[in-house]
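Text of start24.txt (compact mmCIF, C-alpha atoms) as supplied:
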```txt
# COMPACT_ATOMS: atom_id res chain seq x y z
CA MET A 266 -92.60 129.93 61.29
CA THR A 267 -94.73 131.50 58.63
CA ALA A 268 -97.39 129.63 56.73
CA ILE A 269 -97.89 129.72 52.99
CA PRO A 270 -99.17 133.18 51.96
CA MET A 271 -102.84 133.13 51.09
CA ALA A 272 -102.22 135.06 47.86
CA ASP A 273 -100.06 132.26 46.48
CA GLY A 274 -102.74 129.64 47.09
CA LEU A 275 -105.34 131.92 45.50
CA ILE A 276 -103.06 132.49 42.50
CA LEU A 277 -102.61 128.74 42.08
CA GLY A 278 -106.38 128.28 42.17
CA ALA A 279 -106.85 131.10 39.66
CA ILE A 280 -104.27 129.62 37.29
CA LEU A 281 -105.91 126.21 37.45
CA PHE A 282 -109.35 127.76 36.93
CA SER A 283 -108.27 129.75 33.89
CA LEU A 284 -106.47 126.74 32.42
CA GLY A 285 -109.71 124.79 32.75
CA LEU A 286 -111.61 127.67 31.15
CA ALA A 287 -109.11 127.78 28.27
CA GLY A 288 -109.51 124.04 27.75
CA LEU A 289 -113.29 124.39 27.86
CA LEU A 290 -113.18 127.06 25.16
CA LEU A 291 -110.47 125.52 22.98
CA ARG A 292 -111.43 121.84 22.82
CA ARG A 293 -114.27 120.53 20.71
CA ASN A 294 -114.34 117.02 22.18
CA LEU A 295 -117.11 116.49 24.74
CA LEU A 296 -114.86 114.32 26.92
CA PHE A 297 -112.24 117.07 27.12
CA ILE A 298 -114.93 119.61 27.89
CA LEU A 299 -115.96 117.52 30.92
CA VAL A 300 -112.29 117.17 31.97
CA SER A 301 -111.91 120.95 31.72
CA ILE A 302 -114.94 121.47 33.95
CA GLU A 303 -113.33 119.16 36.51
CA ILE A 304 -110.14 121.25 36.37
CA MET A 305 -112.16 124.44 36.92
CA LEU A 306 -113.95 122.96 39.94
CA ASN A 307 -110.61 121.83 41.32
CA GLY A 308 -109.18 125.34 40.93
CA ALA A 309 -112.13 126.78 42.84
CA GLY A 310 -111.52 124.20 45.56
CA VAL A 311 -107.85 125.23 45.83
CA ALA A 312 -108.96 128.83 46.36
CA PHE A 313 -111.38 127.73 49.11
CA VAL A 314 -108.74 125.68 50.92
CA ALA A 315 -106.17 128.49 50.67
CA ALA A 316 -108.60 130.99 52.17
CA GLY A 317 -109.68 128.51 54.85
CA SER A 318 -106.10 127.81 55.89
CA ARG A 319 -105.41 131.57 56.08
CA TRP A 320 -108.01 132.04 58.81
CA GLY A 321 -107.45 128.68 60.47
CA GLN A 322 -111.15 127.85 60.22
CA PRO A 323 -112.60 124.62 58.78
CA ASP A 324 -115.19 126.45 56.66
CA GLY A 325 -113.07 126.49 53.50
CA GLU A 326 -112.53 122.75 53.74
CA VAL A 327 -116.25 122.12 54.32
CA LEU A 328 -116.97 124.06 51.13
CA PHE A 329 -114.40 121.95 49.32
CA LEU A 330 -116.35 118.86 50.40
CA PHE A 331 -119.48 120.38 48.84
CA ILE A 332 -117.53 121.08 45.63
CA LEU A 333 -116.44 117.45 45.69
CA ALA A 334 -120.08 116.29 45.90
CA ALA A 335 -121.13 118.67 43.11
CA ALA A 336 -118.25 117.48 40.90
CA ALA A 337 -119.16 113.83 41.45
CA ALA A 338 -122.82 114.49 40.60
CA GLU A 339 -121.93 116.59 37.55
CA VAL A 340 -119.48 114.09 36.14
CA SER A 341 -121.79 111.08 36.55
CA VAL A 342 -124.72 112.75 34.77
CA GLY A 343 -122.43 114.33 32.18
CA LEU A 344 -120.75 111.06 31.31
CA ALA A 345 -124.12 109.28 31.08
CA LEU A 346 -125.31 111.96 28.63
CA LEU A 347 -122.04 111.65 26.72
CA LEU A 348 -122.44 107.88 26.37
CA ARG A 349 -126.02 108.31 25.17
CA TYR A 350 -124.96 110.94 22.63
CA PHE A 351 -122.13 108.75 21.38
CA HIS A 352 -124.44 105.78 20.89
CA ARG A 353 -126.75 107.92 18.81
CA ARG A 354 -124.27 109.94 16.72
CA GLN A 355 -121.03 107.87 16.85
CA THR A 356 -119.07 111.06 17.49
CA LEU A 357 -117.99 113.24 20.40
CA ASP A 358 -117.67 116.45 18.39
CA ALA A 359 -119.41 119.32 20.12
CA GLU A 360 -119.89 121.09 16.78
CA SER A 361 -122.25 118.36 15.64
CA MET A 362 -124.57 119.26 18.49
CA SER A 363 -125.59 122.42 16.64
CA GLU A 364 -127.79 120.22 14.46
CA THR A 365 -129.82 118.93 17.38
CA ARG A 366 -133.36 120.18 17.79
CA GLY A 367 -135.47 120.44 20.87
CA MET B 67 -87.50 124.17 57.38
CA THR B 68 -90.00 126.84 56.59
CA ASN B 69 -88.10 127.48 53.42
CA PHE B 70 -88.42 123.84 52.53
CA ALA B 71 -92.18 123.92 53.02
CA HIS B 72 -92.39 126.94 50.74
CA ILE B 73 -90.19 125.29 48.12
CA ALA B 74 -92.32 122.13 48.27
CA PHE B 75 -95.49 124.20 47.88
CA TYR B 76 -94.24 126.05 44.82
CA LEU B 77 -92.74 122.91 43.29
CA ALA B 78 -96.02 121.02 43.65
CA GLY B 79 -97.90 124.04 42.31
CA ALA B 80 -95.62 124.14 39.26
CA VAL B 81 -96.16 120.42 38.71
CA ALA B 82 -99.93 120.95 38.97
CA VAL B 83 -99.93 123.80 36.44
CA LEU B 84 -97.62 121.97 34.03
CA ALA B 85 -99.63 118.74 34.23
CA THR B 86 -102.87 120.68 33.68
CA VAL B 87 -101.47 122.44 30.62
CA LEU B 88 -100.38 119.09 29.22
CA ALA B 89 -103.76 117.53 30.11
CA ILE B 90 -105.82 120.04 28.13
CA THR B 91 -103.55 119.88 25.08
CA ARG B 92 -103.26 116.09 24.63
CA LEU B 93 -104.92 114.53 21.60
CA VAL B 94 -105.41 111.06 23.09
CA ALA B 95 -107.94 110.97 25.92
CA VAL B 96 -106.05 108.45 28.06
CA HIS B 97 -102.88 110.57 28.00
CA ALA B 98 -104.90 113.59 29.10
CA LEU B 99 -106.38 111.56 31.96
CA LEU B 100 -102.91 110.48 33.09
CA TYR B 101 -101.80 114.11 33.25
CA LEU B 102 -105.04 115.03 35.03
CA ILE B 103 -104.29 112.43 37.72
CA VAL B 104 -100.80 113.89 38.19
CA SER B 105 -102.29 117.37 38.47
CA LEU B 106 -104.75 116.22 41.15
CA LEU B 107 -101.96 114.49 43.09
CA ALA B 108 -99.90 117.69 43.00
CA VAL B 109 -102.87 119.66 44.30
CA ALA B 110 -103.21 117.08 47.08
CA VAL B 111 -99.58 117.73 48.10
CA ASP B 112 -100.39 121.45 48.18
CA PHE B 113 -103.40 120.78 50.40
CA TYR B 114 -101.18 118.85 52.77
CA ILE B 115 -98.69 121.70 52.98
CA MET B 116 -101.47 124.25 53.46
CA GLY B 117 -102.57 122.34 56.55
CA ALA B 118 -105.49 120.28 55.26
CA PRO B 119 -104.38 116.63 55.48
CA LEU B 120 -107.95 115.26 55.37
CA LEU B 121 -108.66 117.08 52.11
CA ALA B 122 -105.36 115.88 50.66
CA ALA B 123 -106.51 112.31 51.30
CA LEU B 124 -109.98 113.04 49.89
CA GLU B 125 -108.48 114.66 46.80
CA VAL B 126 -106.54 111.48 46.09
CA ILE B 127 -109.37 109.08 46.99
CA ILE B 128 -112.36 110.81 45.40
CA TYR B 129 -110.97 113.02 42.62
CA ALA B 130 -108.10 110.88 41.37
CA GLY B 131 -109.55 107.59 42.54
CA ALA B 132 -113.24 107.81 41.67
CA ILE B 133 -113.95 110.64 39.24
CA VAL B 134 -111.00 110.05 36.92
CA VAL B 135 -111.72 106.32 37.02
CA LEU B 136 -115.22 107.15 35.74
CA PHE B 137 -113.60 108.98 32.83
CA VAL B 138 -111.31 106.01 32.18
CA PHE B 139 -114.31 103.65 32.16
CA VAL B 140 -116.10 105.83 29.62
CA VAL B 141 -113.00 106.01 27.41
CA MET B 142 -112.78 102.24 27.54
CA MET B 143 -116.47 101.85 26.65
CA LEU B 144 -116.20 104.27 23.73
CA ASN B 145 -113.38 102.27 22.17
CA LEU B 146 -115.14 98.91 22.08
CA GLY B 147 -114.57 98.39 18.38
CA THR B 148 -112.69 96.11 16.07
CA GLN B 149 -109.68 98.43 16.21
CA ALA B 150 -109.63 98.36 20.01
CA ARG B 151 -106.62 96.07 20.16
CA GLU B 152 -104.68 98.26 17.75
CA THR B 153 -105.38 101.39 19.78
CA GLU B 154 -104.37 99.54 22.94
CA ARG B 155 -101.04 98.75 21.34
CA LEU B 156 -100.64 102.40 20.37
CA TRP B 157 -101.42 103.53 23.91
CA LEU B 158 -98.95 101.19 25.54
CA THR B 159 -95.91 102.79 23.96
CA GLY B 160 -93.32 103.83 26.49
CA ARG B 161 -93.21 107.43 25.38
CA ALA B 162 -96.72 108.18 26.58
CA TRP B 163 -95.81 107.30 30.15
CA ILE B 164 -92.60 109.30 30.45
CA GLY B 165 -94.20 112.68 31.13
CA PRO B 166 -96.61 111.61 33.89
CA ALA B 167 -93.95 109.29 35.35
CA ILE B 168 -91.38 112.10 35.71
CA LEU B 169 -93.91 114.51 37.20
CA SER B 170 -95.25 111.98 39.70
CA ALA B 171 -91.72 110.85 40.63
CA LEU B 172 -91.09 114.50 41.55
CA LEU B 173 -94.20 114.43 43.73
CA LEU B 174 -93.14 111.12 45.30
CA ALA B 175 -89.73 112.53 46.25
CA GLU B 176 -91.45 115.53 47.79
CA LEU B 177 -93.88 113.34 49.70
CA ILE B 178 -91.13 111.10 51.08
CA TYR B 179 -89.22 114.16 52.26
CA LEU B 180 -92.36 115.50 53.97
CA ILE B 181 -92.95 112.15 55.70
CA LEU B 182 -89.34 111.97 56.91
CA ARG B 183 -89.72 115.35 58.63
CA PRO B 184 -92.64 114.84 61.01
CA PRO B 185 -92.41 118.22 62.82
CA LEU B 186 -93.10 119.99 59.53
CA LEU B 187 -96.84 119.55 59.66
CA GLY B 188 -97.15 120.68 63.24
CA SER B 189 -94.95 123.69 62.65
CA LEU B 190 -97.26 125.17 60.06
CA SER B 191 -99.89 127.43 61.50
CA GLY B 192 -103.50 126.38 61.32
CA VAL B 193 -103.67 122.65 60.68
CA THR B 194 -107.34 121.71 60.73
CA SER B 195 -108.05 118.28 62.11
CA PRO B 196 -110.77 116.00 60.74
CA LYS B 197 -112.63 116.48 64.03
CA GLN B 198 -112.92 120.22 63.45
CA ILE B 199 -114.20 119.64 59.92
CA ALA B 200 -116.76 117.09 61.13
CA ILE B 201 -118.02 119.43 63.86
CA ALA B 202 -118.43 122.25 61.34
CA LEU B 203 -120.01 119.91 58.79
CA TYR B 204 -122.71 118.61 61.11
CA GLY B 205 -123.14 121.86 63.03
CA PRO B 206 -123.71 125.04 61.02
CA TYR B 207 -123.49 123.28 57.64
CA VAL B 208 -125.94 120.44 58.25
CA LEU B 209 -128.42 121.90 55.76
CA GLY B 210 -125.69 121.86 53.12
CA VAL B 211 -125.00 118.21 53.87
CA GLU B 212 -128.67 117.39 53.34
CA LEU B 213 -128.73 119.32 50.08
CA ALA B 214 -125.55 117.59 48.89
CA SER B 215 -127.08 114.20 49.67
CA MET B 216 -130.20 115.10 47.68
CA LEU B 217 -127.99 116.32 44.81
CA LEU B 218 -126.11 113.02 44.82
CA LEU B 219 -129.39 111.08 44.92
CA GLY B 220 -130.66 113.07 41.94
CA ALA B 221 -127.41 112.43 40.06
CA LEU B 222 -127.65 108.71 40.87
CA VAL B 223 -131.21 108.44 39.58
CA GLY B 224 -130.39 110.56 36.52
CA ALA B 225 -127.28 108.61 35.59
CA CYS B 226 -129.12 105.32 36.11
CA HIS B 227 -132.01 106.44 33.90
CA LEU B 228 -129.77 107.79 31.13
CA GLY B 229 -127.49 104.76 31.19
CA ARG B 230 -130.34 102.28 31.07
CA SER B 231 -132.17 103.99 28.21
CA SER B 232 -128.98 104.22 26.16
CA LEU B 233 -128.35 100.53 26.74
CA SER B 234 -131.85 99.52 25.64
CA GLU B 235 -131.46 101.76 22.59
CA THR B 236 -128.39 99.89 21.40
CA GLU B 237 -130.13 96.58 22.01
CA VAL B 238 -132.99 97.69 19.79
CA GLN B 239 -130.51 98.69 17.09
CA ARG B 240 -128.86 95.32 17.18
```

In C-alpha cells, write the structure found in this file.
Amino acid sequence: MTAIPMADGLILGAILFSLGLAGLLLRRNLLFILVSIEIMLNGAGVAFVAAGSRWGQPDGEVLFLFILAAAAAEVSVGLALLLRYFHRRQTLDAESMSETRG
Amino acid sequence: MTNFAHIAFYLAGAVAVLATVLAITRLVAVHALLYLIVSLLAVAVDFYIMGAPLLAALEVIIYAGAIVVLFVFVVMMLNLGTQARETERLWLTGRAWIGPAILSALLLAELIYLILRPPLLGSLSGVTSPKQIAIALYGPYVLGVELASMLLLGALVGACHLGRSSLSETEVQR
C-alpha cells in the first residue's frame, strides 16, 4: 500500500497556482482578478496538504487552515472595495484604475 | 485498490485543472464561478484521497460554500439594473450548465465509489484525524490562531466600514 507521491500533489498545487497567476495577469476584470487570487491561494494550500500528508504530520493541514482564514479576510475586504469602486465608476475595468489619484 | 486510489487522485486532479482553466477563460462571471466551484470540489476529493478528510470537508464548506457565495452575492448586486431580467434569461440557458454538470458528475461517481469502499481510507498511509489537527492548532500554533482571529476581526471591521460608506454614498447620489 503506497500513498500518493508527494511530487504529484506538489505538481497539482503548482499547476493550480500558475493557472491563477495566468488569470491574474490576463484578465482585466476586477472580479476575475479576485477569483484568480483565490485560485492561487488554493494551489498553495494543495502544496501544503501534499507535503503534510507526506510526513504524516498535521502541520501542513494547520497551515491550510491559516490560508483559509487569510483567503476569507482577503476576499471580504476585496469585494467591499470592488463594490465601492463599482458604485463610483460604474465599471470593473482594472485599466480605468490608472486614472485614480492618491 | 491502491491503483484505484491513484486513478481517482489523478482523475480529480485533471478535473480540477480543467475546471480552473475554464474558470479563468469564461466571459460571464457566473459561469466562471460555477467552474470555480467544480474546481474546489475536485481539490476536496484530492484532499480526501491524500488523507485529510477534515480539510476536504472544510474546502467544501468554507471555500465553495462561503467564499464563492460571497462572489455570487457581489455578482448579483452588480447586476441590479433594468436589464437584470434579460441577463437572468441569458444565464439560464441549458448550455451554460453542461460543462460544470459533466465535471461534477464525474466527481460524484468518484465520491460514491470511494464511499462504497470503506477500507480505502484506512489503507492509505498517514490519515490525520481532526483530533491531531486540533492538538497541533491549540498547542504549538496557538499564536497563529490568535493572529488569524485578529486578521479576521480586521477584515470584518474593514468590510463593514467600506460597505457602509459605499451604501451611504449611493443614497446621497439618489

If the box runs along x, y and z of the file and leaves 6 Å on each side of stretch 347-355 of chain A, what are its centre and edge lengths in Å, one decimal, as JSON?
```
{"center_x": -123.9, "center_y": 108.7, "center_z": 21.7, "size_x": 17.7, "size_y": 17.9, "size_z": 22.0}
```

The residue from B:Ile181, B:Leu209, B:Ala108, B:Leu217 with the smallest atom-to-atom distance to chain A, counting all atoms listed in the file, is B:Leu217

For A:Ala336, please output as an MDAnalysis selection string all residues within 9 Å (counting all atoms listed in the file; exclusion window: fewer than 5 positions along the same chain). (chainID A and resid 302:303 306:307 331 341) or (chainID B and resid 129 133)

Kindly provide, as a PyMOL selection string, the residues of chain A having any atom no farther than 6 Å from an atom of chain B, counting only C-alpha atoms. chain A and resi 268+288+321+323+338+342+345+349

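Compared by their closest atoms to A:Phe282, and using only C-alpha atoms, the residues A:Gly343, A:Gly325, A:Gly317, A:Gly310 rank with A:Gly310 nearest.
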
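Here atom CA of B:Val96 is placed at a distance of 26.7 Å from atom CA of A:Leu330.
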
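With all atoms listed in the file as the atoms that count, the minimum distance from A:Leu281 to the choices A:Ile269, A:Leu333, A:Ile298, A:Met305 is reached by A:Met305.
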
Generate the coordinates of N, CA and C atoms for stretch 347-366 of chain A; report them as a PDB file, in the coordinates of the input.
```pdb
ATOM      1  N   LEU A 347    -123.042 111.809  27.777  1.00  0.00           N
ATOM      2  CA  LEU A 347    -122.040 111.650  26.720  1.00  0.00           C
ATOM      3  C   LEU A 347    -122.136 110.274  26.084  1.00  0.00           C
ATOM      4  N   LEU A 348    -122.316 109.231  26.915  1.00  0.00           N
ATOM      5  CA  LEU A 348    -122.440 107.880  26.370  1.00  0.00           C
ATOM      6  C   LEU A 348    -123.674 107.769  25.477  1.00  0.00           C
ATOM      7  N   ARG A 349    -124.777 108.364  25.937  1.00  0.00           N
ATOM      8  CA  ARG A 349    -126.020 108.310  25.170  1.00  0.00           C
ATOM      9  C   ARG A 349    -125.853 109.017  23.827  1.00  0.00           C
ATOM     10  N   TYR A 350    -125.194 110.190  23.856  1.00  0.00           N
ATOM     11  CA  TYR A 350    -124.960 110.940  22.630  1.00  0.00           C
ATOM     12  C   TYR A 350    -124.068 110.165  21.677  1.00  0.00           C
ATOM     13  N   PHE A 351    -123.046 109.505  22.240  1.00  0.00           N
ATOM     14  CA  PHE A 351    -122.130 108.750  21.380  1.00  0.00           C
ATOM     15  C   PHE A 351    -122.827 107.576  20.724  1.00  0.00           C
ATOM     16  N   HIS A 352    -123.730 106.910  21.487  1.00  0.00           N
ATOM     17  CA  HIS A 352    -124.440 105.780  20.890  1.00  0.00           C
ATOM     18  C   HIS A 352    -125.335 106.237  19.751  1.00  0.00           C
ATOM     19  N   ARG A 353    -125.846 107.463  19.851  1.00  0.00           N
ATOM     20  CA  ARG A 353    -126.750 107.920  18.810  1.00  0.00           C
ATOM     21  C   ARG A 353    -125.994 108.448  17.604  1.00  0.00           C
ATOM     22  N   ARG A 354    -124.930 109.236  17.815  1.00  0.00           N
ATOM     23  CA  ARG A 354    -124.270 109.940  16.720  1.00  0.00           C
ATOM     24  C   ARG A 354    -122.930 109.321  16.311  1.00  0.00           C
ATOM     25  N   GLN A 355    -122.355 108.449  17.123  1.00  0.00           N
ATOM     26  CA  GLN A 355    -121.030 107.870  16.850  1.00  0.00           C
ATOM     27  C   GLN A 355    -119.940 108.928  16.776  1.00  0.00           C
ATOM     28  N   THR A 356    -120.109 110.043  17.464  1.00  0.00           N
ATOM     29  CA  THR A 356    -119.070 111.060  17.490  1.00  0.00           C
ATOM     30  C   THR A 356    -119.131 111.787  18.827  1.00  0.00           C
ATOM     31  N   LEU A 357    -118.024 112.438  19.187  1.00  0.00           N
ATOM     32  CA  LEU A 357    -117.990 113.240  20.400  1.00  0.00           C
ATOM     33  C   LEU A 357    -117.742 114.701  20.086  1.00  0.00           C
ATOM     34  N   ASP A 358    -117.935 115.075  18.801  1.00  0.00           N
ATOM     35  CA  ASP A 358    -117.670 116.450  18.390  1.00  0.00           C
ATOM     36  C   ASP A 358    -118.786 117.353  18.891  1.00  0.00           C
ATOM     37  N   ALA A 359    -118.395 118.408  19.598  1.00  0.00           N
ATOM     38  CA  ALA A 359    -119.410 119.320  20.120  1.00  0.00           C
ATOM     39  C   ALA A 359    -120.047 120.138  19.006  1.00  0.00           C
ATOM     40  N   GLU A 360    -119.322 120.317  17.888  1.00  0.00           N
ATOM     41  CA  GLU A 360    -119.890 121.090  16.780  1.00  0.00           C
ATOM     42  C   GLU A 360    -121.127 120.413  16.215  1.00  0.00           C
ATOM     43  N   SER A 361    -121.113 119.065  16.230  1.00  0.00           N
ATOM     44  CA  SER A 361    -122.250 118.360  15.640  1.00  0.00           C
ATOM     45  C   SER A 361    -123.511 118.528  16.460  1.00  0.00           C
ATOM     46  N   MET A 362    -123.378 119.058  17.676  1.00  0.00           N
ATOM     47  CA  MET A 362    -124.570 119.260  18.490  1.00  0.00           C
ATOM     48  C   MET A 362    -125.391 120.445  18.009  1.00  0.00           C
ATOM     49  N   SER A 363    -124.815 121.272  17.129  1.00  0.00           N
ATOM     50  CA  SER A 363    -125.590 122.420  16.640  1.00  0.00           C
ATOM     51  C   SER A 363    -126.742 121.969  15.745  1.00  0.00           C
ATOM     52  N   GLU A 364    -126.699 120.714  15.291  1.00  0.00           N
ATOM     53  CA  GLU A 364    -127.790 120.220  14.460  1.00  0.00           C
ATOM     54  C   GLU A 364    -128.930 119.653  15.265  1.00  0.00           C
ATOM     55  N   THR A 365    -128.755 119.521  16.568  1.00  0.00           N
ATOM     56  CA  THR A 365    -129.820 118.930  17.380  1.00  0.00           C
ATOM     57  C   THR A 365    -130.968 119.912  17.509  1.00  0.00           C
ATOM     58  N   ARG A 366    -132.162 119.352  17.599  1.00  0.00           N
ATOM     59  CA  ARG A 366    -133.360 120.180  17.790  1.00  0.00           C
ATOM     60  C   ARG A 366    -134.056 119.771  19.070  1.00  0.00           C
TER      61      ARG A 366
END
```
